[in-house]
Amino acid sequence: MKHLQTFFTLALFTTIVYAQPKNYKGWKAGVSRVKITPEQPLWMAGYANRTHPSEGTLVDLWVKALALEDEEGKQAVLITADLVGIPKALSDCVRNQLESKYHLTRSQILINTSHTHSGPVLTNALLDIYPVNLEQQQKIDEYTNQLGEKMVRLVGEALHALQLADLYSGNGVTRFQVNRRNNDEATLSRQTELKGPNDYSVPAIKVVSKTGKLLAITFGYACHNTVLSGYKFSGDYAGFAQLELEKAYPGVTAMFTQGCGANQNPLPRRTVALAQQYGQELAAAVTRVLSEDMKALAPQLKTAYAEIKLPLNSPTSKAELSKIVEMSGENYQKRWAARLLKKLNAGDSLITSYPYPVEVWKLGDQSIFVLSGETVIEYAIQLKRVFGEDIFVFGYSNDVMAYVPTAAILREGGYEGASSQMVYGLPSTWASSIETDILYEAQKLAAEVGVSQAEAKIN
């Protein structure tokens, strides 16, 4: 946290004045992008069984920004990043700086991460997974500082590039996601029927200049970016999908948004050829949507944001932590227990709740529900039951602090419900009210921006 505060204190930024065409009633849009592939070996995020830093690059990593302005002059910015997630410290620092420089409030900023497991480790994220030494931690801190600078600068460039544009939305479909809680990967080739729940939708928005040039495509899918597990940086299937679309539409900026894919895996997996195949399948789904009649979005932007206090269950006791620390071998569970035990022995208390971000955007009549953390697919399904199948639902946004299970998954246990909190450093599992709390807040914010259940297509 100290490093992040330092770079924002020292960084100098130039204030940009935007020229606005007079009496124009329509959208303005601007795009920008910056490569974030580490220039030196770094530890890679996502898998606990990696034993050393990266060994080169398969596909470059990017952060991309789409700035929007409606007919009344209200602005918002979507930032997408080829990262496993964004930790709270970095997200808060970036969003605070964007508010200070460009007067963008939390509700006007949406940071979505692709959840590639072939990106770099960041400071204050997945604290106990990686046995990094001091020298490696310094490299991670330096990279994280530079990443924050790039993200803030990127938004300024996108705002500076605002031009007259039209926006359109639509939903495609592709089916390589597999519910990993309901299907055994080891026996998948012998299965004749896959079990759900699933959400195969591919939400897409195209941004077209007044001269007819395709400026940007945003597209999403709800599925882990875990085809690859080696030591080369890449955006996984989502990285290949973006490359496919940018090749098919020269000059466009293709931006991937991760959905509620916490319990969805791309299966089968583990080869570069499969990552490329899934990228091509996803790009083909987007291309089909772009080639059909898409819904024109009126130039009206509404946004709402809140952070709710999600309660945690009682922290693991000192006695239980001590037992874990005394286990043989070296693993992230022991590092997690040792860190918490050190805090308790120093007289510090462990957190009993977490400030969880929820956000809703409305672009014309296209509603976008934005959830944080590694959100399971059931959240998207439930929101669509209430607000209609055409809404977009993002996960992995603004703060990726833990898995976000439903109440049923908490009762069932398993990785997403019972043990994944160790990976993220939380002292205990979520309380059973998590699902009700999140969905209630989403519905409350939806009402604020004019998305009512009465308008929904309830199935």
# chains A, B, ... in the order shown; residues from 1 in each chain; ligands from 1
$ residues_around --residues "A:Leu371" --least-positions-apart "2" --cutoff "10 Å" --atoms "only C-alpha atoms" --output "list in words"
Asn112, Gly259, Cys260, Tyr356, Pro357, Val358, Glu359, Val360, Ile368, Phe369, Gly373, Glu374, Thr375, Tyr379, Ala380, Val393, Phe394, Gly395, Tyr396, Ser397, Asn398, Asp399, Val400, Val404, Ile438, Leu439 and Ala442 of chain A
$ write_last_selection --atoms "N, CA and C atoms" --output "PDB file, in the first residue's frame"
ATOM      1  N   ASN A 112     -12.683  -4.118 -15.069  1.00  0.00           N
ATOM      2  CA  ASN A 112     -12.955  -5.547 -15.176  1.00  0.00           C
ATOM      3  C   ASN A 112     -11.676  -6.285 -15.556  1.00  0.00           C
ATOM      4  N   GLY A 259     -17.323 -12.534 -17.053  1.00  0.00           N
ATOM      5  CA  GLY A 259     -18.609 -12.626 -16.393  1.00  0.00           C
ATOM      6  C   GLY A 259     -18.496 -13.339 -15.050  1.00  0.00           C
ATOM      7  N   CYS A 260     -19.577 -13.954 -14.618  1.00  0.00           N
ATOM      8  CA  CYS A 260     -19.605 -14.648 -13.324  1.00  0.00           C
ATOM      9  C   CYS A 260     -19.148 -16.094 -13.516  1.00  0.00           C
ATOM     10  N   TYR A 356     -17.802  -4.778   0.073  1.00  0.00           N
ATOM     11  CA  TYR A 356     -17.972  -5.419  -1.240  1.00  0.00           C
ATOM     12  C   TYR A 356     -18.615  -4.460  -2.245  1.00  0.00           C
ATOM     13  N   PRO A 357     -17.939  -4.174  -3.381  1.00  0.00           N
ATOM     14  CA  PRO A 357     -18.500  -3.247  -4.373  1.00  0.00           C
ATOM     15  C   PRO A 357     -19.578  -3.895  -5.246  1.00  0.00           C
ATOM     16  N   VAL A 358     -20.641  -3.139  -5.485  1.00  0.00           N
ATOM     17  CA  VAL A 358     -21.693  -3.495  -6.438  1.00  0.00           C
ATOM     18  C   VAL A 358     -21.945  -2.263  -7.299  1.00  0.00           C
ATOM     19  N   GLU A 359     -22.175  -2.476  -8.589  1.00  0.00           N
ATOM     20  CA  GLU A 359     -22.324  -1.343  -9.518  1.00  0.00           C
ATOM     21  C   GLU A 359     -23.354  -1.707 -10.579  1.00  0.00           C
ATOM     22  N   VAL A 360     -24.077  -0.717 -11.060  1.00  0.00           N
ATOM     23  CA  VAL A 360     -25.015  -0.907 -12.168  1.00  0.00           C
ATOM     24  C   VAL A 360     -24.855   0.249 -13.139  1.00  0.00           C
ATOM     25  N   ILE A 368     -26.238  -3.091 -17.324  1.00  0.00           N
ATOM     26  CA  ILE A 368     -25.038  -3.855 -17.001  1.00  0.00           C
ATOM     27  C   ILE A 368     -24.925  -3.949 -15.481  1.00  0.00           C
ATOM     28  N   PHE A 369     -24.994  -5.151 -14.949  1.00  0.00           N
ATOM     29  CA  PHE A 369     -24.829  -5.393 -13.520  1.00  0.00           C
ATOM     30  C   PHE A 369     -23.385  -5.813 -13.275  1.00  0.00           C
ATOM     31  N   GLY A 373     -15.214  -9.663  -7.039  1.00  0.00           N
ATOM     32  CA  GLY A 373     -14.751 -10.969  -6.606  1.00  0.00           C
ATOM     33  C   GLY A 373     -14.969 -12.037  -7.664  1.00  0.00           C
ATOM     34  N   GLU A 374     -14.612 -13.262  -7.291  1.00  0.00           N
ATOM     35  CA  GLU A 374     -14.804 -14.407  -8.185  1.00  0.00           C
ATOM     36  C   GLU A 374     -16.228 -14.926  -8.005  1.00  0.00           C
ATOM     37  N   THR A 375     -17.142 -14.337  -8.759  1.00  0.00           N
ATOM     38  CA  THR A 375     -18.571 -14.578  -8.587  1.00  0.00           C
ATOM     39  C   THR A 375     -19.024 -15.812  -9.360  1.00  0.00           C
ATOM     40  N   TYR A 379     -25.270 -16.154  -9.759  1.00  0.00           N
ATOM     41  CA  TYR A 379     -25.649 -14.743  -9.604  1.00  0.00           C
ATOM     42  C   TYR A 379     -26.158 -14.167 -10.923  1.00  0.00           C
ATOM     43  N   ALA A 380     -25.485 -14.475 -12.017  1.00  0.00           N
ATOM     44  CA  ALA A 380     -25.957 -13.998 -13.319  1.00  0.00           C
ATOM     45  C   ALA A 380     -27.311 -14.598 -13.659  1.00  0.00           C
ATOM     46  N   VAL A 393     -24.096  -9.192 -17.208  1.00  0.00           N
ATOM     47  CA  VAL A 393     -23.658  -9.355 -15.826  1.00  0.00           C
ATOM     48  C   VAL A 393     -22.158  -9.622 -15.819  1.00  0.00           C
ATOM     49  N   PHE A 394     -21.399  -8.731 -15.189  1.00  0.00           N
ATOM     50  CA  PHE A 394     -19.945  -8.880 -15.076  1.00  0.00           C
ATOM     51  C   PHE A 394     -19.580  -9.334 -13.666  1.00  0.00           C
ATOM     52  N   GLY A 395     -18.567 -10.145 -13.549  1.00  0.00           N
ATOM     53  CA  GLY A 395     -17.928 -10.433 -12.273  1.00  0.00           C
ATOM     54  C   GLY A 395     -16.514  -9.887 -12.315  1.00  0.00           C
ATOM     55  N   TYR A 396     -15.685 -10.229 -11.336  1.00  0.00           N
ATOM     56  CA  TYR A 396     -14.249  -9.900 -11.366  1.00  0.00           C
ATOM     57  C   TYR A 396     -13.989  -8.409 -11.597  1.00  0.00           C
ATOM     58  N   SER A 397     -14.811  -7.555 -11.030  1.00  0.00           N
ATOM     59  CA  SER A 397     -14.724  -6.124 -11.306  1.00  0.00           C
ATOM     60  C   SER A 397     -14.442  -5.309 -10.050  1.00  0.00           C
ATOM     61  N   ASN A 398     -13.607  -4.299 -10.208  1.00  0.00           N
ATOM     62  CA  ASN A 398     -13.339  -3.256  -9.199  1.00  0.00           C
ATOM     63  C   ASN A 398     -12.555  -3.739  -7.973  1.00  0.00           C
ATOM     64  N   ASP A 399     -12.741  -4.971  -7.572  1.00  0.00           N
ATOM     65  CA  ASP A 399     -11.996  -5.531  -6.437  1.00  0.00           C
ATOM     66  C   ASP A 399     -12.206  -7.041  -6.460  1.00  0.00           C
ATOM     67  N   VAL A 400     -11.115  -7.790  -6.623  1.00  0.00           N
ATOM     68  CA  VAL A 400     -11.215  -9.250  -6.612  1.00  0.00           C
ATOM     69  C   VAL A 400     -10.581  -9.731  -5.306  1.00  0.00           C
ATOM     70  N   VAL A 404     -16.946 -15.653  -4.497  1.00  0.00           N
ATOM     71  CA  VAL A 404     -18.246 -15.184  -4.025  1.00  0.00           C
ATOM     72  C   VAL A 404     -19.273 -16.275  -4.331  1.00  0.00           C
ATOM     73  N   ILE A 438     -26.041  -9.341  -1.550  1.00  0.00           N
ATOM     74  CA  ILE A 438     -25.568  -8.863  -2.848  1.00  0.00           C
ATOM     75  C   ILE A 438     -26.736  -8.623  -3.801  1.00  0.00           C
ATOM     76  N   LEU A 439     -27.641  -9.562  -3.890  1.00  0.00           N
ATOM     77  CA  LEU A 439     -28.766  -9.421  -4.822  1.00  0.00           C
ATOM     78  C   LEU A 439     -29.687  -8.275  -4.414  1.00  0.00           C
ATOM     79  N   ALA A 442     -27.963  -5.119  -5.577  1.00  0.00           N
ATOM     80  CA  ALA A 442     -28.041  -5.000  -7.037  1.00  0.00           C
ATOM     81  C   ALA A 442     -29.410  -4.497  -7.473  1.00  0.00           C
TER      82      ALA A 442
END
$ select_by_dssp --residues "stretch 3-130 of chain A" --states "alpha helix (DSSP H)" --output "ChimeraX atom specification"
/A:3-10,88-102
$ closest_residue --among "A:Ser201, A:Ser420, A:Ser107, A:Thr144" --to "A:Ile391" --atoms "only C-alpha atoms"
A:Ser201
$ residues_around --residues "A:Gly279" --least-positions-apart "2" --cutoff "8 Å" --atoms "only C-alpha atoms" --output "ChimeraX atom specification"
/A:237-242,244,275-277,281-283
$ closest_residue --among "A:Glu246, A:Glu320, A:Glu307, A:Asp128" --to "A:Thr218" --atoms "only C-alpha atoms"
A:Glu246
$ residues_around --residues "A:Leu98" --least-positions-apart "2" --cutoff "12 Å" --atoms "only C-alpha atoms" --output "CSV table (one decimal) with C-alpha atoms, in the first residue's frame"
chain,number,residue,atom,x,y,z
A,8,PHE,CA,0.4,8.7,-6.8
A,13,PHE,CA,-0.3,14.6,-14.7
A,15,THR,CA,-4.9,18.4,-17.1
A,75,GLN,CA,-19.0,10.5,-18.6
A,76,ALA,CA,-17.9,6.9,-17.7
A,77,VAL,CA,-15.0,4.7,-18.4
A,79,ILE,CA,-11.2,-0.4,-18.2
A,91,SER,CA,-8.2,-0.3,-7.4
A,92,ASP,CA,-8.8,2.3,-4.8
A,93,CYS,CA,-5.7,4.2,-5.6
A,94,VAL,CA,-6.5,4.2,-9.4
A,95,ARG,CA,-10.1,5.2,-8.8
A,96,ASN,CA,-9.2,7.9,-6.3
A,100,SER,CA,-9.2,13.8,-8.5
A,101,LYS,CA,-8.0,14.4,-12.1
A,102,TYR,CA,-11.1,13.8,-14.2
A,103,HIS,CA,-14.0,14.1,-11.6
A,104,LEU,CA,-15.1,10.5,-12.2
A,105,THR,CA,-16.8,9.0,-9.2
A,106,ARG,CA,-16.8,5.3,-8.3
A,107,SER,CA,-20.0,4.8,-10.2
A,108,GLN,CA,-18.5,6.2,-13.4
A,109,ILE,CA,-15.5,3.8,-13.3
A,110,LEU,CA,-15.7,0.1,-14.1
A,111,ILE,CA,-12.5,-2.0,-13.9
A,148,GLY,CA,-1.3,2.0,-11.7
A,149,GLU,CA,0.4,4.8,-13.5
A,150,LYS,CA,-0.4,3.3,-16.8
A,151,MET,CA,-4.1,2.8,-15.9
A,152,VAL,CA,-4.6,6.4,-14.9
A,153,ARG,CA,-2.7,7.7,-17.9
A,154,LEU,CA,-4.8,5.4,-20.2
A,155,VAL,CA,-8.1,6.9,-19.0
A,156,GLY,CA,-6.8,10.4,-19.7
A,159,LEU,CA,-11.1,10.9,-22.6
$ residues_around --residues "A:Val451" --least-positions-apart "4" --cutoff "9 Å" --atoms "only C-alpha atoms" --output "PyMOL selection string"
chain A and resi 362+365+367+387+443+445-447+455-456
$ write_last_selection --atoms "N, CA and C atoms" --output "short mmCIF file (atom, residue, chain, number, x, y, z; two decimals), in the first residue's frame"
data_model
loop_
_atom_site.label_atom_id
_atom_site.label_comp_id
_atom_site.auth_asym_id
_atom_site.auth_seq_id
_atom_site.Cartn_x
_atom_site.Cartn_y
_atom_site.Cartn_z
N LYS A 362 -26.39 1.81 -16.96
CA LYS A 362 -27.44 1.73 -17.96
C LYS A 362 -27.03 2.60 -19.13
N ASP A 365 -30.95 1.66 -23.11
CA ASP A 365 -31.73 0.66 -22.37
C ASP A 365 -30.96 -0.65 -22.21
N SER A 367 -28.76 -2.61 -19.77
CA SER A 367 -28.38 -2.64 -18.36
C SER A 367 -27.18 -3.55 -18.16
N PHE A 387 -34.46 -9.50 -14.16
CA PHE A 387 -34.36 -8.33 -15.02
C PHE A 387 -34.34 -8.65 -16.51
N GLN A 443 -30.46 -5.01 -6.84
CA GLN A 443 -31.81 -4.56 -7.18
C GLN A 443 -32.02 -3.11 -6.74
N LEU A 445 -29.69 -0.72 -6.57
CA LEU A 445 -28.98 0.15 -7.52
C LEU A 445 -29.69 0.17 -8.87
N ALA A 446 -30.25 -0.97 -9.26
CA ALA A 446 -31.00 -1.02 -10.52
C ALA A 446 -32.15 -0.03 -10.50
N ALA A 447 -32.83 0.06 -9.37
CA ALA A 447 -33.94 1.02 -9.26
C ALA A 447 -33.43 2.45 -9.37
N GLU A 455 -40.15 -3.87 -15.68
CA GLU A 455 -39.74 -3.85 -17.08
C GLU A 455 -39.15 -5.16 -17.52
N ALA A 456 -38.87 -6.03 -16.55
CA ALA A 456 -38.12 -7.25 -16.86
C ALA A 456 -38.98 -8.27 -17.60
#
$ closest_residue --among "A:Ala338, A:Ile129, A:Ala29, A:Ala273" --to "A:Ala65" --atoms "only C-alpha atoms"
A:Ala29
$ select_by_dssp --residues "stretch 14-250 of chain A" --states "strand (DSSP E)" --output "PDB file with C-alpha atoms, in the first residue's frame"
ATOM      1  CA  TRP A  27     -22.761   9.662 -27.768  1.00  0.00           C
ATOM      2  CA  LYS A  28     -19.087  10.451 -27.700  1.00  0.00           C
ATOM      3  CA  ALA A  29     -16.559   7.659 -27.299  1.00  0.00           C
ATOM      4  CA  GLY A  30     -12.798   7.374 -27.037  1.00  0.00           C
ATOM      5  CA  VAL A  31     -10.498   4.368 -26.780  1.00  0.00           C
ATOM      6  CA  SER A  32      -6.940   3.788 -25.659  1.00  0.00           C
ATOM      7  CA  ARG A  33      -4.695   0.841 -24.868  1.00  0.00           C
ATOM      8  CA  VAL A  34      -1.331   0.083 -23.291  1.00  0.00           C
ATOM      9  CA  LYS A  35       0.786  -3.069 -23.191  1.00  0.00           C
ATOM     10  CA  MET A  44       2.631 -15.534 -12.248  1.00  0.00           C
ATOM     11  CA  ALA A  45      -0.802 -15.347 -10.618  1.00  0.00           C
ATOM     12  CA  TRP A  62      -3.019  -5.324 -22.290  1.00  0.00           C
ATOM     13  CA  VAL A  63      -5.055  -2.805 -20.368  1.00  0.00           C
ATOM     14  CA  LYS A  64      -7.652  -1.063 -22.525  1.00  0.00           C
ATOM     15  CA  ALA A  65     -10.052   1.806 -21.850  1.00  0.00           C
ATOM     16  CA  LEU A  66     -13.334   2.884 -23.417  1.00  0.00           C
ATOM     17  CA  ALA A  67     -14.470   6.367 -22.390  1.00  0.00           C
ATOM     18  CA  LEU A  68     -18.120   7.308 -22.965  1.00  0.00           C
ATOM     19  CA  GLU A  69     -20.041  10.562 -22.770  1.00  0.00           C
ATOM     20  CA  GLN A  75     -18.960  10.483 -18.603  1.00  0.00           C
ATOM     21  CA  ALA A  76     -17.948   6.949 -17.656  1.00  0.00           C
ATOM     22  CA  VAL A  77     -15.006   4.720 -18.425  1.00  0.00           C
ATOM     23  CA  LEU A  78     -14.703   0.958 -18.839  1.00  0.00           C
ATOM     24  CA  ILE A  79     -11.221  -0.432 -18.167  1.00  0.00           C
ATOM     25  CA  THR A  80     -10.415  -4.030 -19.080  1.00  0.00           C
ATOM     26  CA  ALA A  81      -7.204  -5.764 -18.040  1.00  0.00           C
ATOM     27  CA  ILE A 109     -15.494   3.784 -13.320  1.00  0.00           C
ATOM     28  CA  LEU A 110     -15.693   0.081 -14.128  1.00  0.00           C
ATOM     29  CA  ILE A 111     -12.488  -1.980 -13.920  1.00  0.00           C
ATOM     30  CA  ASN A 112     -12.955  -5.547 -15.176  1.00  0.00           C
ATOM     31  CA  THR A 113     -10.216  -8.186 -15.164  1.00  0.00           C
ATOM     32  CA  GLY A 119      -0.524 -12.896 -15.902  1.00  0.00           C
ATOM     33  CA  PRO A 120       1.747 -11.405 -13.214  1.00  0.00           C
ATOM     34  CA  GLN A 163     -15.404  11.667 -30.731  1.00  0.00           C
ATOM     35  CA  LEU A 164     -18.975  11.420 -31.993  1.00  0.00           C
ATOM     36  CA  ALA A 165     -20.140   7.817 -32.053  1.00  0.00           C
ATOM     37  CA  ASP A 166     -23.055   5.395 -31.998  1.00  0.00           C
ATOM     38  CA  LEU A 167     -23.406   2.438 -29.620  1.00  0.00           C
ATOM     39  CA  TYR A 168     -25.122  -0.894 -30.225  1.00  0.00           C
ATOM     40  CA  SER A 169     -25.552  -3.987 -28.046  1.00  0.00           C
ATOM     41  CA  GLY A 170     -26.418  -7.639 -28.490  1.00  0.00           C
ATOM     42  CA  ASN A 171     -25.996 -11.096 -26.965  1.00  0.00           C
ATOM     43  CA  GLY A 172     -24.261 -14.002 -28.647  1.00  0.00           C
ATOM     44  CA  VAL A 173     -23.670 -17.569 -27.514  1.00  0.00           C
ATOM     45  CA  GLN A 177     -17.652 -23.391 -20.498  1.00  0.00           C
ATOM     46  CA  VAL A 178     -18.220 -26.403 -18.231  1.00  0.00           C
ATOM     47  CA  ASN A 179     -19.514 -26.216 -14.660  1.00  0.00           C
ATOM     48  CA  SER A 201     -24.192 -15.755 -23.298  1.00  0.00           C
ATOM     49  CA  VAL A 202     -21.631 -13.534 -25.038  1.00  0.00           C
ATOM     50  CA  PRO A 203     -22.606  -9.914 -24.244  1.00  0.00           C
ATOM     51  CA  ALA A 204     -21.283  -7.502 -26.871  1.00  0.00           C
ATOM     52  CA  ILE A 205     -21.249  -3.758 -27.532  1.00  0.00           C
ATOM     53  CA  LYS A 206     -19.937  -2.137 -30.692  1.00  0.00           C
ATOM     54  CA  VAL A 207     -18.865   1.485 -30.884  1.00  0.00           C
ATOM     55  CA  VAL A 208     -18.982   3.064 -34.348  1.00  0.00           C
ATOM     56  CA  SER A 209     -17.741   6.536 -35.273  1.00  0.00           C
ATOM     57  CA  LEU A 214     -15.630   0.529 -35.957  1.00  0.00           C
ATOM     58  CA  LEU A 215     -13.788   1.974 -32.957  1.00  0.00           C
ATOM     59  CA  ALA A 216     -14.279  -0.610 -30.238  1.00  0.00           C
ATOM     60  CA  ILE A 217     -15.874  -3.947 -29.446  1.00  0.00           C
ATOM     61  CA  THR A 218     -16.554  -5.035 -25.895  1.00  0.00           C
ATOM     62  CA  PHE A 219     -17.445  -8.687 -25.470  1.00  0.00           C
ATOM     63  CA  GLY A 220     -17.637 -11.072 -22.563  1.00  0.00           C
ATOM     64  CA  TYR A 221     -17.957 -14.635 -21.380  1.00  0.00           C
TER      65      TYR A 221
END
$ residues_around --residues "A:Ser114" --least-positions-apart "2" --cutoff "7 Å" --atoms "only C-alpha atoms" --output "list in words"
Ala81, Asp82, Leu83, Val84, Asn112, Thr116, Phe256, Thr257 and Gln258 of chain A
$ residues_around --residues "A:Asn182" --least-positions-apart "3" --cutoff "10 Å" --atoms "only C-alpha atoms" --output "PDB file with N, CA and C atoms, in the first residue's frame"
ATOM      1  N   VAL A 178     -17.701 -25.200 -18.890  1.00  0.00           N
ATOM      2  CA  VAL A 178     -18.220 -26.403 -18.231  1.00  0.00           C
ATOM      3  C   VAL A 178     -18.264 -26.135 -16.729  1.00  0.00           C
ATOM      4  N   ASN A 179     -19.396 -26.420 -16.101  1.00  0.00           N
ATOM      5  CA  ASN A 179     -19.514 -26.216 -14.660  1.00  0.00           C
ATOM      6  C   ASN A 179     -18.611 -27.215 -13.938  1.00  0.00           C
ATOM      7  N   GLU A 185     -13.574 -33.273 -14.446  1.00  0.00           N
ATOM      8  CA  GLU A 185     -12.665 -33.049 -15.561  1.00  0.00           C
ATOM      9  C   GLU A 185     -11.945 -34.324 -15.977  1.00  0.00           C
ATOM     10  N   LEU A 194     -23.434 -33.052 -20.068  1.00  0.00           N
ATOM     11  CA  LEU A 194     -22.853 -32.108 -19.119  1.00  0.00           C
ATOM     12  C   LEU A 194     -23.944 -31.579 -18.197  1.00  0.00           C
ATOM     13  N   LYS A 195     -23.573 -31.334 -16.961  1.00  0.00           N
ATOM     14  CA  LYS A 195     -24.517 -30.838 -15.970  1.00  0.00           C
ATOM     15  C   LYS A 195     -24.224 -29.376 -15.666  1.00  0.00           C
ATOM     16  N   GLY A 196     -25.263 -28.597 -15.375  1.00  0.00           N
ATOM     17  CA  GLY A 196     -25.153 -27.167 -15.138  1.00  0.00           C
ATOM     18  C   GLY A 196     -25.088 -26.834 -13.674  1.00  0.00           C
ATOM     19  N   PRO A 197     -25.394 -25.601 -13.278  1.00  0.00           N
ATOM     20  CA  PRO A 197     -25.900 -24.505 -14.121  1.00  0.00           C
ATOM     21  C   PRO A 197     -24.820 -23.827 -14.963  1.00  0.00           C
ATOM     22  N   ASN A 263     -17.228 -20.679 -11.156  1.00  0.00           N
ATOM     23  CA  ASN A 263     -17.362 -22.132 -11.130  1.00  0.00           C
ATOM     24  C   ASN A 263     -17.473 -22.725 -12.528  1.00  0.00           C
ATOM     25  N   GLN A 264     -16.904 -22.018 -13.505  1.00  0.00           N
ATOM     26  CA  GLN A 264     -16.924 -22.475 -14.899  1.00  0.00           C
ATOM     27  C   GLN A 264     -15.489 -22.589 -15.424  1.00  0.00           C
TER      28      GLN A 264
END
$ atom_distance --atom1 "atom CA of A:Gly26" --atom2 "atom CA of A:Glu72"
8.5 Å
$ atom_distance --atom1 "atom CA of A:Ala125" --atom2 "atom CA of A:Leu383"
28.4 Å
$ decode --residues "stretch 338-364 of chain A" --atoms "C-alpha atoms" --output "PDB file, in the first residue's frame"
ATOM      1  CA  ALA A 338       1.129 -18.381  10.163  1.00  0.00           C
ATOM      2  CA  ARG A 339       0.272 -14.858   8.998  1.00  0.00           C
ATOM      3  CA  LEU A 340      -3.052 -14.813  10.855  1.00  0.00           C
ATOM      4  CA  LEU A 341      -1.511 -16.338  13.962  1.00  0.00           C
ATOM      5  CA  LYS A 342       1.196 -13.662  13.946  1.00  0.00           C
ATOM      6  CA  LYS A 343      -1.480 -10.955  13.848  1.00  0.00           C
ATOM      7  CA  LEU A 344      -3.405 -12.483  16.714  1.00  0.00           C
ATOM      8  CA  ASN A 345      -0.286 -12.953  18.836  1.00  0.00           C
ATOM      9  CA  ALA A 346       0.566  -9.290  18.262  1.00  0.00           C
ATOM     10  CA  GLY A 347      -2.814  -8.308  19.696  1.00  0.00           C
ATOM     11  CA  ASP A 348      -4.387  -7.376  16.355  1.00  0.00           C
ATOM     12  CA  SER A 349      -7.931  -8.375  15.492  1.00  0.00           C
ATOM     13  CA  LEU A 350      -9.037 -10.127  12.312  1.00  0.00           C
ATOM     14  CA  ILE A 351     -11.643  -8.617   9.998  1.00  0.00           C
ATOM     15  CA  THR A 352     -15.249  -9.707  10.493  1.00  0.00           C
ATOM     16  CA  SER A 353     -16.683  -8.176   7.295  1.00  0.00           C
ATOM     17  CA  TYR A 354     -15.571  -6.871   3.907  1.00  0.00           C
ATOM     18  CA  PRO A 355     -16.615  -3.746   1.906  1.00  0.00           C
ATOM     19  CA  TYR A 356     -17.972  -5.419  -1.240  1.00  0.00           C
ATOM     20  CA  PRO A 357     -18.500  -3.247  -4.373  1.00  0.00           C
ATOM     21  CA  VAL A 358     -21.693  -3.495  -6.438  1.00  0.00           C
ATOM     22  CA  GLU A 359     -22.324  -1.343  -9.518  1.00  0.00           C
ATOM     23  CA  VAL A 360     -25.015  -0.907 -12.168  1.00  0.00           C
ATOM     24  CA  TRP A 361     -24.705   0.916 -15.491  1.00  0.00           C
ATOM     25  CA  LYS A 362     -27.439   1.726 -17.959  1.00  0.00           C
ATOM     26  CA  LEU A 363     -26.395   2.682 -21.509  1.00  0.00           C
ATOM     27  CA  GLY A 364     -29.603   3.679 -23.230  1.00  0.00           C
TER      28      GLY A 364
END
